[in-house]
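Trainee: Following this line is coords.cif, made up of mmCIF, C-alpha atoms:
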```cif
data_entry
#
loop_
_atom_site.label_atom_id
_atom_site.label_comp_id
_atom_site.auth_asym_id
_atom_site.auth_seq_id
_atom_site.Cartn_x
_atom_site.Cartn_y
_atom_site.Cartn_z
CA MET A 566 -23.93 11.84 28.37
CA ILE A 567 -25.97 9.82 25.98
CA ALA A 568 -28.90 7.88 27.33
CA PRO A 569 -28.56 4.09 27.42
CA LEU A 570 -28.72 2.69 23.93
CA ASP A 571 -32.03 0.88 24.35
CA THR A 572 -33.64 4.16 25.42
CA LEU A 573 -32.06 5.86 22.45
CA ALA A 574 -33.28 3.10 20.15
CA ARG A 575 -36.82 3.63 21.44
CA ARG A 576 -36.56 7.37 20.86
CA ILE A 577 -35.35 6.81 17.32
CA GLN A 578 -38.25 4.50 16.62
CA GLU A 579 -40.67 7.11 17.90
CA ALA A 580 -39.10 9.83 15.80
CA VAL A 581 -38.68 7.79 12.64
CA PRO A 582 -41.79 5.66 12.14
CA GLY A 583 -41.10 2.23 10.78
CA ALA A 584 -37.40 2.27 11.55
CA ARG A 585 -35.86 -0.93 12.75
CA VAL A 586 -33.21 -0.23 15.36
CA GLU A 587 -31.47 -2.93 17.28
CA VAL A 588 -28.87 -2.73 20.04
CA VAL A 589 -25.83 -4.84 19.17
CA PRO A 590 -24.06 -5.89 22.37
CA ASN A 591 -20.29 -6.15 22.45
CA ASP A 592 -18.77 -8.98 24.49
CA SER A 593 -15.19 -7.92 23.90
CA PRO A 594 -13.21 -6.05 26.57
CA ALA A 595 -14.13 -2.77 24.88
CA ALA A 596 -17.77 -3.46 25.82
CA GLN A 597 -18.92 -0.78 23.44
CA PRO A 598 -22.42 -1.57 22.24
CA SER A 599 -23.76 -0.12 19.03
CA LEU A 600 -27.00 0.50 17.17
CA LEU A 601 -27.88 -1.51 14.11
CA VAL A 602 -30.12 0.57 11.84
CA ASP A 603 -31.88 -0.52 8.69
CA SER A 604 -30.64 0.99 5.47
CA ALA A 605 -34.09 2.09 4.33
CA HIS A 606 -34.40 4.50 7.25
CA ALA A 607 -30.71 5.13 7.88
CA LEU A 608 -30.77 8.59 6.36
CA ALA A 609 -33.78 9.68 8.40
CA ILE A 610 -32.22 8.24 11.54
CA ALA A 611 -28.94 10.02 10.84
CA ARG A 612 -30.78 13.27 10.34
CA PHE A 613 -32.61 12.76 13.65
CA LEU A 614 -29.34 12.02 15.46
CA ARG A 615 -27.78 15.18 14.09
CA ASP A 616 -30.72 17.57 14.51
CA GLU A 617 -32.31 16.43 17.79
CA PRO A 618 -31.29 19.15 20.32
CA SER A 619 -30.43 16.69 23.08
CA LEU A 620 -28.24 14.54 20.83
CA ARG A 621 -26.71 16.78 18.15
CA PHE A 622 -24.25 14.28 16.71
CA ASP A 623 -22.65 16.78 14.39
CA TYR A 624 -19.42 14.90 13.66
CA ALA A 625 -18.90 11.50 12.06
CA SER A 626 -15.30 10.80 12.92
CA ASN A 627 -14.90 7.48 11.23
CA VAL A 628 -16.52 5.16 8.74
CA ALA A 629 -15.32 1.59 8.69
CA GLY A 630 -16.19 -1.54 6.76
CA VAL A 631 -16.42 -5.00 8.21
CA ASP A 632 -16.61 -8.25 6.28
CA TRP A 633 -18.47 -11.05 8.00
CA LEU A 634 -18.10 -14.42 6.31
CA ASP A 635 -20.70 -17.16 6.50
CA SER A 636 -20.24 -18.76 9.86
CA VAL A 637 -21.43 -21.72 11.84
CA THR A 638 -21.50 -21.44 15.62
CA LYS A 639 -21.85 -24.51 17.75
CA THR A 640 -23.51 -24.19 21.12
CA LYS A 641 -23.73 -27.02 23.60
CA THR A 642 -26.88 -27.31 25.65
CA LYS A 643 -27.83 -29.84 28.25
CA VAL A 644 -31.13 -31.43 27.49
CA LYS A 645 -33.03 -33.90 29.65
CA LYS A 646 -33.94 -36.99 27.73
CA ILE A 647 -35.37 -40.32 28.57
CA VAL A 648 -32.85 -42.97 27.62
CA ASP A 649 -33.88 -46.59 28.26
CA GLY A 650 -36.64 -45.48 30.55
CA VAL A 651 -34.27 -43.44 32.73
CA GLU A 652 -34.18 -39.68 32.63
CA LYS A 653 -30.67 -38.48 31.86
CA GLU A 654 -28.98 -35.22 31.04
CA VAL A 655 -27.52 -35.38 27.55
CA GLU A 656 -25.35 -32.74 25.89
CA GLU A 657 -26.62 -31.65 22.53
CA THR A 658 -24.76 -29.47 20.05
CA VAL A 659 -26.88 -27.06 18.13
CA GLU A 660 -25.42 -25.58 14.97
CA THR A 661 -26.58 -22.12 14.03
CA LYS A 662 -25.68 -21.01 10.56
CA ARG A 663 -25.36 -17.31 9.92
CA PRO A 664 -25.06 -16.11 6.34
CA GLY A 665 -22.31 -13.58 5.70
CA TYR A 666 -22.86 -9.89 5.18
CA LEU A 667 -20.93 -6.66 4.93
CA GLU A 668 -21.23 -4.02 7.56
CA VAL A 669 -20.54 -0.30 7.60
CA VAL A 670 -19.81 1.25 10.99
CA TYR A 671 -20.08 4.97 11.72
CA HIS A 672 -18.57 6.56 14.83
CA LEU A 673 -20.49 9.68 15.79
CA TYR A 674 -19.55 12.43 18.20
CA SER A 675 -21.14 15.67 19.28
CA MET A 676 -18.76 18.60 19.25
CA ASN A 677 -21.48 20.84 20.63
CA LEU A 678 -22.57 18.73 23.56
CA LYS A 679 -19.20 17.00 23.96
CA HIS A 680 -20.42 13.46 24.02
CA GLY A 681 -19.82 10.35 22.02
CA PRO A 682 -19.01 8.08 20.48
CA LEU A 683 -22.28 6.66 19.32
CA ILE A 684 -21.70 3.76 16.99
CA ILE A 685 -24.26 2.97 14.33
CA ARG A 686 -24.07 0.11 11.86
CA GLN A 687 -25.68 -0.67 8.56
CA ARG A 688 -25.70 -4.19 7.17
CA THR A 689 -26.00 -5.44 3.63
CA GLY A 690 -28.26 -8.33 2.70
CA ASN A 691 -25.38 -10.57 1.75
CA ARG A 692 -21.83 -10.39 0.43
CA ALA A 693 -22.73 -10.62 -3.25
CA GLU A 694 -25.53 -8.83 -5.07
CA LEU A 695 -27.40 -7.37 -2.09
CA ASN A 696 -24.56 -5.05 -1.24
CA ARG A 697 -26.33 -1.72 -0.98
CA VAL A 698 -26.64 0.55 2.04
CA ALA A 699 -27.63 4.20 2.36
CA SER A 700 -25.01 6.90 2.03
CA LEU A 701 -24.99 9.37 4.90
CA ILE A 702 -23.09 12.11 3.07
CA SER A 703 -26.06 14.47 3.03
CA VAL A 704 -25.94 14.43 6.82
CA TRP A 705 -22.20 14.24 7.47
CA ARG A 706 -20.21 15.63 4.54
CA GLY A 707 -16.98 14.13 5.85
CA CYS A 708 -18.21 10.62 5.07
CA GLU A 709 -17.58 11.08 1.36
CA PHE A 710 -14.01 9.80 1.06
CA GLN A 711 -14.49 7.18 3.74
CA GLU A 712 -17.55 5.74 2.05
CA ARG A 713 -15.60 5.66 -1.18
CA GLU A 714 -12.87 3.77 0.63
CA VAL A 715 -15.37 1.23 1.97
CA TYR A 716 -16.76 0.88 -1.55
CA ASP A 717 -13.25 0.39 -2.92
CA LEU A 718 -11.97 -2.10 -0.37
CA TYR A 719 -15.16 -3.97 0.59
CA GLY A 720 -17.50 -3.54 -2.35
CA VAL A 721 -20.36 -1.93 -0.44
CA VAL A 722 -22.45 0.27 -2.73
CA PHE A 723 -23.73 3.46 -1.12
CA ASP A 724 -27.09 4.64 -2.45
CA GLY A 725 -27.15 8.41 -2.75
CA HIS A 726 -23.39 8.88 -2.88
CA PRO A 727 -22.69 11.64 -5.43
CA ASP A 728 -19.28 10.39 -6.57
CA LEU A 729 -18.87 6.70 -5.86
CA ARG A 730 -15.54 5.82 -7.45
CA ARG A 731 -12.58 3.81 -6.27
CA ILE A 732 -10.26 5.94 -4.20
CA LEU A 733 -7.18 3.82 -3.39
CA MET A 734 -7.09 1.22 -6.14
CA TRP A 735 -7.25 2.12 -9.80
CA GLU A 736 -10.26 2.29 -12.08
CA GLY A 737 -10.76 -1.10 -13.68
CA PHE A 738 -9.57 -3.04 -10.63
CA LYS A 739 -12.08 -5.82 -10.03
CA ASP A 740 -11.36 -7.10 -6.52
CA HIS A 741 -12.09 -5.77 -3.08
CA PRO A 742 -8.82 -6.30 -1.22
CA MET A 743 -10.04 -6.02 2.36
CA ARG A 744 -12.57 -8.80 1.98
CA LYS A 745 -11.57 -11.89 3.88
CA ASP A 746 -11.77 -14.13 0.84
CA TYR A 747 -9.58 -11.85 -1.27
CA VAL A 748 -6.82 -13.77 -3.00
CA GLN A 749 -3.67 -11.80 -3.72
CA PRO A 750 -2.10 -12.02 -7.16
CA ASP A 751 0.62 -14.62 -7.32
CA ASP A 752 3.85 -12.65 -6.93
CA PHE A 753 5.41 -14.87 -4.31
CA GLU A 754 8.22 -16.16 -6.53
CA TYR A 755 10.94 -14.62 -4.35
CA GLU A 756 10.42 -14.83 -0.59
CA PRO A 757 13.70 -14.85 1.37
CA THR A 758 12.06 -15.52 4.74
CA PRO A 759 8.69 -17.11 4.07
CA HIS A 760 6.39 -18.28 6.84
CA ASP A 761 2.78 -19.31 7.36
CA GLU A 762 0.53 -18.53 4.41
CA VAL A 763 3.38 -16.93 2.48
CA LEU A 764 5.45 -20.11 2.80
CA GLY A 765 2.63 -22.10 1.23
CA ARG A 766 2.36 -19.76 -1.70
CA ALA A 767 6.13 -19.46 -2.12
CA LYS A 768 6.43 -23.26 -2.22
CA GLU A 769 4.34 -23.34 -5.39
CA HIS A 770 7.27 -21.62 -7.09
CA TYR A 771 10.02 -23.89 -5.74
CA PRO A 772 11.68 -26.12 -8.32
CA LYS A 773 10.33 -29.64 -8.10
CA MET B 1393 50.36 4.55 -20.18
CA ASP B 1394 53.42 3.76 -18.21
CA GLU B 1395 53.15 4.92 -14.56
CA GLY B 1396 56.78 6.03 -14.44
CA LEU B 1397 56.46 8.16 -17.55
CA ARG B 1398 53.26 9.66 -16.28
CA SER B 1399 54.87 10.65 -12.99
CA GLU B 1400 57.92 12.00 -14.81
CA LEU B 1401 55.72 14.11 -17.06
CA SER B 1402 53.70 15.43 -14.15
CA LYS B 1403 56.94 16.65 -12.53
CA GLN B 1404 57.44 18.67 -15.70
CA GLY B 1405 54.00 20.18 -15.37
CA ILE B 1406 52.40 17.98 -18.03
CA PHE B 1407 49.22 16.28 -16.97
CA THR B 1408 48.32 13.15 -18.88
CA THR B 1409 45.18 11.11 -18.67
CA THR B 1410 43.06 8.85 -20.79
CA LEU B 1411 39.80 9.79 -22.38
CA GLU B 1412 38.13 7.03 -20.37
CA ASP B 1413 39.35 8.41 -17.05
CA LEU B 1414 38.35 11.93 -18.00
CA TYR B 1415 34.92 10.86 -19.20
CA ASN B 1416 34.21 8.76 -16.10
CA TRP B 1417 35.61 11.44 -13.80
CA GLY B 1418 33.30 14.00 -15.32
CA ARG B 1419 30.25 11.80 -15.11
CA LYS B 1420 30.76 10.54 -11.58
CA ASN B 1421 31.23 13.98 -10.06
CA SER B 1422 28.17 15.55 -11.57
CA ILE B 1423 25.25 13.24 -10.97
CA TRP B 1424 22.03 15.17 -10.94
CA PRO B 1425 19.32 13.29 -9.10
CA LEU B 1426 15.66 13.45 -10.01
CA GLN B 1427 13.75 15.39 -7.42
CA PHE B 1428 11.00 13.15 -6.22
CA GLY B 1429 10.20 11.17 -3.10
CA LEU B 1430 7.65 8.47 -2.45
CA ALA B 1431 7.52 8.00 1.31
CA CYS B 1432 9.45 8.44 4.55
CA CYS B 1433 12.82 7.58 2.91
CA ALA B 1434 12.45 10.85 1.02
CA ILE B 1435 12.81 12.71 4.32
CA GLU B 1436 16.20 11.08 4.84
CA MET B 1437 17.09 11.91 1.25
CA ILE B 1438 16.20 15.56 1.89
CA ALA B 1439 18.27 15.51 5.08
CA THR B 1440 21.20 14.15 3.07
CA THR B 1441 21.13 17.15 0.79
CA MET B 1442 21.03 19.69 3.59
CA ALA B 1443 23.94 21.34 5.39
CA ARG B 1444 24.62 18.67 7.98
CA TYR B 1445 25.27 15.80 5.55
CA ASP B 1446 25.84 17.93 2.45
CA LEU B 1447 25.50 15.76 -0.59
CA ALA B 1448 27.01 18.67 -2.55
CA ARG B 1449 30.44 17.35 -1.55
CA PHE B 1450 29.82 14.56 -4.06
CA GLY B 1451 28.62 16.77 -6.85
CA ALA B 1452 25.00 15.74 -6.57
CA GLU B 1453 23.34 18.68 -4.93
CA ILE B 1454 21.35 19.72 -7.97
CA PHE B 1455 18.04 17.90 -7.72
CA ARG B 1456 16.18 18.37 -10.96
CA PRO B 1457 12.40 18.48 -10.98
CA SER B 1458 12.37 17.28 -14.58
CA PRO B 1459 13.40 13.80 -15.71
CA ARG B 1460 14.88 15.30 -18.89
CA GLN B 1461 17.66 16.90 -16.87
CA ALA B 1462 18.30 14.14 -14.36
CA ASP B 1463 20.94 11.40 -14.35
CA LEU B 1464 19.95 9.52 -11.25
CA MET B 1465 16.66 8.28 -9.93
CA ILE B 1466 16.61 7.75 -6.17
CA VAL B 1467 13.58 5.57 -5.53
CA ALA B 1468 13.03 6.79 -1.98
CA GLY B 1469 10.12 4.94 -0.46
CA THR B 1470 7.31 2.45 -0.94
CA VAL B 1471 6.34 1.96 -4.56
CA THR B 1472 2.64 1.23 -4.59
CA LYS B 1473 1.19 -0.60 -7.55
CA LYS B 1474 -0.77 2.51 -8.42
CA MET B 1475 2.46 4.55 -8.50
CA ALA B 1476 4.69 2.01 -10.28
CA PRO B 1477 3.71 2.96 -13.87
CA GLN B 1478 4.53 6.59 -13.19
CA VAL B 1479 7.91 5.69 -11.68
CA VAL B 1480 8.78 3.56 -14.72
CA ARG B 1481 7.59 6.30 -17.06
CA LEU B 1482 9.76 8.88 -15.29
CA TYR B 1483 12.71 6.53 -15.67
CA ASN B 1484 11.98 6.15 -19.37
CA GLN B 1485 11.91 9.91 -19.79
CA MET B 1486 15.42 10.31 -18.36
CA PRO B 1487 18.20 10.54 -20.93
CA GLU B 1488 21.09 8.10 -20.91
CA PRO B 1489 23.39 7.61 -19.09
CA LYS B 1490 21.03 7.09 -16.17
CA TYR B 1491 21.30 5.30 -12.86
CA VAL B 1492 18.91 4.09 -10.20
CA ILE B 1493 19.40 3.85 -6.45
CA ALA B 1494 16.71 1.83 -4.68
CA MET B 1495 16.63 3.42 -1.26
CA GLY B 1496 15.25 1.52 1.70
CA ALA B 1497 13.53 -1.77 2.36
CA CYS B 1498 10.34 -0.84 0.47
CA ALA B 1499 12.01 0.17 -2.76
CA ILE B 1500 14.17 -2.94 -2.84
CA SER B 1501 11.59 -5.53 -1.83
CA GLY B 1502 8.34 -4.04 -0.57
CA GLY B 1503 9.76 -3.95 2.95
CA PRO B 1504 7.32 -4.09 5.87
CA PHE B 1505 4.44 -3.65 3.42
CA LYS B 1506 5.55 -6.54 1.24
CA GLN B 1507 2.42 -8.62 1.77
CA GLY B 1508 0.11 -5.70 1.15
CA TYR B 1509 -2.23 -5.99 -1.82
CA ASN B 1510 -1.15 -2.55 -3.01
CA VAL B 1511 2.63 -2.69 -2.75
CA LEU B 1512 5.10 -3.52 -5.49
CA LYS B 1513 7.68 -6.00 -4.24
CA GLY B 1514 10.69 -4.00 -5.32
CA ILE B 1515 11.17 -1.51 -8.14
CA ASP B 1516 13.82 -3.78 -9.68
CA ARG B 1517 10.96 -5.83 -11.11
CA TYR B 1518 10.53 -3.15 -13.76
CA ILE B 1519 13.71 -1.12 -14.09
CA PRO B 1520 17.40 -1.99 -13.63
CA VAL B 1521 18.75 -0.88 -10.25
CA ASP B 1522 22.42 0.00 -9.80
CA VAL B 1523 22.65 0.29 -6.01
CA HIS B 1524 20.32 -1.13 -3.36
CA ILE B 1525 20.42 0.42 0.13
CA PRO B 1526 18.86 -1.60 2.94
CA GLY B 1527 17.39 0.17 5.95
CA CYS B 1528 14.05 1.42 7.12
CA PRO B 1529 14.72 4.19 6.40
CA PRO B 1530 18.45 4.24 5.63
CA ARG B 1531 20.34 6.98 7.42
CA PRO B 1532 21.86 9.80 5.34
CA GLU B 1533 25.26 8.16 5.74
CA ALA B 1534 23.87 5.07 4.03
CA LEU B 1535 22.61 7.15 1.11
CA ILE B 1536 26.00 8.82 0.86
CA HIS B 1537 27.60 5.38 0.88
CA ALA B 1538 25.30 4.35 -1.96
CA PHE B 1539 26.38 7.46 -3.80
CA MET B 1540 30.03 6.64 -3.34
CA THR B 1541 29.32 3.08 -4.48
CA LEU B 1542 27.66 4.42 -7.60
CA GLN B 1543 30.59 6.76 -8.21
CA ARG B 1544 32.98 3.83 -7.90
CA GLN B 1545 30.86 1.83 -10.35
CA ILE B 1546 30.97 4.68 -12.85
CA ASP B 1547 34.68 5.15 -12.34
CA GLU B 1548 35.39 1.51 -13.12
CA GLN B 1549 33.39 1.42 -16.34
CA LYS B 1550 35.23 0.51 -19.52
CA LEU B 1551 34.09 2.52 -22.50
CA THR B 1552 34.86 -0.16 -25.05
CA GLY B 1553 34.55 -3.90 -25.15
CA PRO B 1554 31.69 -6.18 -24.19
CA ASP B 1555 31.46 -4.79 -20.62
CA ARG B 1556 30.84 -1.23 -21.71
CA PRO B 1557 27.94 0.54 -20.04
CA ARG B 1558 24.44 0.32 -21.45
CA HIS B 1559 24.33 3.81 -22.89
CA LEU B 1560 27.25 3.00 -25.17
CA VAL B 1561 25.61 -0.10 -26.58
CA ALA B 1562 23.57 0.97 -29.57
CA ASP B 1563 20.91 -1.72 -29.39
CA ALA B 1564 20.59 -1.91 -25.60
CA PRO B 1565 17.21 -0.72 -24.33
CA SER B 1566 16.96 2.70 -22.80
CA GLU B 1567 13.27 2.50 -22.07
CA PHE B 1568 11.42 -0.28 -20.34
CA PRO B 1569 7.77 -1.29 -20.73
CA VAL B 1570 5.43 0.67 -18.49
CA PRO B 1571 3.12 -1.73 -16.63
CA GLN B 1572 -0.60 -1.29 -17.18
CA PHE B 1573 -3.37 -1.36 -14.59
CA GLY B 1574 -4.98 -4.77 -14.88
CA GLU B 1575 -8.12 -6.23 -13.36
CA HIS B 1576 -6.30 -7.90 -10.48
CA ASP B 1577 -2.70 -6.70 -10.66
CA LEU B 1578 -0.28 -4.75 -12.77
CA VAL B 1579 0.13 -6.23 -16.24
CA PRO B 1580 2.76 -7.57 -16.58
CA SER B 1581 3.52 -8.17 -12.90
CA LYS B 1582 7.26 -8.04 -13.61
CA ASN B 1583 9.63 -7.53 -16.50
CA PRO B 1584 11.44 -10.86 -16.89
CA GLU B 1585 14.17 -9.21 -18.98
CA VAL B 1586 15.10 -7.03 -16.04
CA TRP B 1587 14.30 -9.23 -13.09
CA GLN B 1588 14.35 -12.94 -12.47
CA PRO B 1589 13.66 -14.31 -9.01
CA PRO B 1590 16.98 -15.19 -7.38
CA HIS B 1591 17.05 -18.88 -6.65
CA SER B 1592 16.58 -19.29 -2.92
CA GLY B 1593 18.09 -22.78 -2.91
CA ARG B 1594 14.91 -24.25 -1.45
CA THR B 1595 13.25 -27.18 -3.06
CA GLU B 1596 9.95 -28.76 -2.31
#
```
Using structure tokens, write down the structure from this file.

Mentor:
Amino acid sequence: MIAPLDTLARRIQEAVPGARVEVVPNDSPAAQPSLLVDSAHALAIARFLRDEPSLRFDYASNVAGVDWLDSVTKTKTKVKKIVDGVEKEVEETVETKRPGYLEVVYHLYSMNLKHGPLIIRQRTGNRAELNRVASLISVWRGCEFQEREVYDLYGVVFDGHPDLRRILMWEGFKDHPMRKDYVQPDDFEYEPTPHDEVLGRAKEHYPK
Amino acid sequence: MDEGLRSELSKQGIFTTTLEDLYNWGRKNSIWPLQFGLACCAIEMIATTMARYDLARFGAEIFRPSPRQADLMIVAGTVTKKMAPQVVRLYNQMPEPKYVIAMGACAISGGPFKQGYNVLKGIDRYIPVDVHIPGCPPRPEALIHAFMTLQRQIDEQKLTGPDRPRHLVADAPSEFPVPQFGEHDLVPSKNPEVWQPPHSGRTE
């Protein structure tokens, strides 16, 4: 069994000086928390996770990309205020803006010690020009194609990847189709059973 | 030729026919398909050729691995946008007369993957299709039915006149433009000379 993630985060910080490691809780039914690591030290952290005898995460089963758009979350808090000389409880909505970013998620297992998964994440600075994270190929060779796929479909650039080319779409393709703001080319001229978003786009082709 | 005379002659051991019948009969019973598959429909296509369904009964058991020797292209499976230029190029490399069967929901319209960013919404956007088979995937019987439909189409062709098949029209195209990989989509996204969107009857 792996130690609780906050213990593991502390051990990583001891082993890799200067590393920023943060436990990301998961409120969904899966309740599977993960470790957010900073890209500058990601390679050293990965090496530690693989080589440390009590951890030995020798197998990265899965690399996934996630696109987080800019979001605004509203939280309501009750605040005591003095209104007309009388103290009252008033509900206040606080808006927290979170700029968007891209995320790369690695699922790690240990074949030797038969434990896992440990989920580590890397985040990019934003969704545009700060789109670089560290490639972990030198630690887990199997990440090569999957990092290429994340590069292809999300536009995350992996520093240190030996062969970062598109893998599913063709060379010269400009978009990143799995991004949430990707707009498909307009080939909706014939939709026999349109609905939802497709209906809207098909309607643009209907004769006026 | 008069039916009565024909039957009278056949009683005397004289077989008469027309050149058109003979030509169509020869073509329809020796259709050599191009040996290629794109997705799961190809498995059904392979099953069709094997002993249980035995496509050889229809004279089409010889799958050729070269487009130069093939008469029929069975588009068996999802045509991705990355694959579409190669499919069109293979079609162009086939000699006339040539036919196309679009097998399964994906090949005729994109099927369950229709809204995918990577899927062509039907191969008939680039090349002319003779028979469409619905199904996901179609059973071997459905492919055999498509075959018989194609054979009937060939059998009914007139060799002269305005309705004659494409390969007998000197200025009819035998090759169709191969789409190029563009920055956002295939360029062009369809060949309007081959495919026009059927009018759905809906208005805004």

Trainee: Extract, using only C-alpha atoms, all DNA, RNA and protein residues at most 6 Å from range 734-742 of chain A, discarding same-chain residues fewer than 6 positions from it, and format them as an MDAnalysis selection string.

Mentor: (chainID A and resid 718:720) or (chainID B and resid 1575:1576)

Trainee: Which value, in Å to one decimal, gives the distance between CA of Asp1522 in chain B and CA of Leu1542 in chain B?

Mentor: 7.2 Å

Trainee: I need the contact residues of chain A against chain B, so if you could list those with any atom within 12 Å, counting all atoms listed in the file, and return them as number ranges by chain, that would help.

Mentor: A: 718, 732-744, 747-760, 762-773

Trainee: Can you tell me how far CA of Thr658 in chain A sits from CA of Asn691 in chain A, in Å to one decimal?

Mentor: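 Computed distance, CA of Thr658 in chain A to CA of Asn691 in chain A, equals 26.3 Å.
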
Trainee: In Å to one decimal, how far is CA of Val1492 in chain B from CA of Gln1461 in chain B?

Mentor: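 These atoms are spaced 14.5 Å apart.
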
Trainee: Run through the PyMOL selection byres ((chain A and resi 568) around 12) on the given coordinates and return the selected residues as a list in words.

Mentor: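 Here the PyMOL selection byres ((chain A and resi 568) around 12) matches Met566, Ile567, Pro569, Leu570, Asp571, Thr572, Leu573, Ala574, Arg575, Arg576, Ile577, Ser619, Leu620, His680, Gly681 and Leu683 of chain A.
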
Trainee: Within 6 Å of (12.4, 8.8, -11.6), all atoms listed in the file: residues as an NGL selection string?

Mentor: :B and (1426 or 1465 or 1479 or 1482-1483)

Trainee: Dump as a PyMOL selection string all residues having an atom at most 10 Å from (-20.9, 4.3, 13.3), computed in the file's coordinates with only C-alpha atoms.

Mentor: chain A and resi 599-601+625-630+669-674+682-687

Trainee: Residues within 12 Å of Ile1493 in chain B, please, as number ranges by chain. Count all atoms listed in the file; anything in the same chain fewer than 6 positions from it doesn't count.

Mentor: B: 1423, 1425-1426, 1437, 1463-1469, 1483, 1499-1500, 1514-1516, 1519-1526, 1534-1543

Trainee: Compile the contact shell of Ala699 in chain A as a ChimeraX atom specification: residues with an atom at most 6 Å away, counting all atoms listed in the file, same-chain residues fewer than 3 positions apart removed.

Mentor: /A:604,723-724

Trainee: Give as an MDAnalysis selection string the residues that the PyMOL selection byres ((chain A and resi 607-614) around 8) matches when applied to the coordinates above.

Mentor: chainID A and resid 577 580:581 584 602:606 615:617 620:622 687 699:701 704

Trainee: So, counting only C-alpha atoms, which residue among A:Lys653, A:Lys662, A:Arg706, A:Arg692 is closest to Asp746 in chain A?

Mentor: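 Of A:Lys653, A:Lys662, A:Arg706, A:Arg692, the one nearest Asp746 in chain A, counting only C-alpha atoms, is A:Arg692.
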
Trainee: Please write the residues picked by the PyMOL selection byres ((chain B and resi 1441) around 12) on this file as a PyMOL selection string.

Mentor: chain B and resi 1424-1425+1427+1434-1440+1442-1455+1532-1533+1535-1536+1539

Trainee: Go through A:Gly650, A:Asp728, A:Glu660, A:Gln597 and flag the residue nearest Gln711 in chain A, using only C-alpha atoms for the distances.

Mentor: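 Nearest to Gln711 in chain A: A:Asp728.
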
Trainee: Measuring between only C-alpha atoms, which one of A:Glu587, A:Asp623, A:Glu712, A:Asp761 shows the shortest distance to Arg697 in chain A?

Mentor: A:Glu712
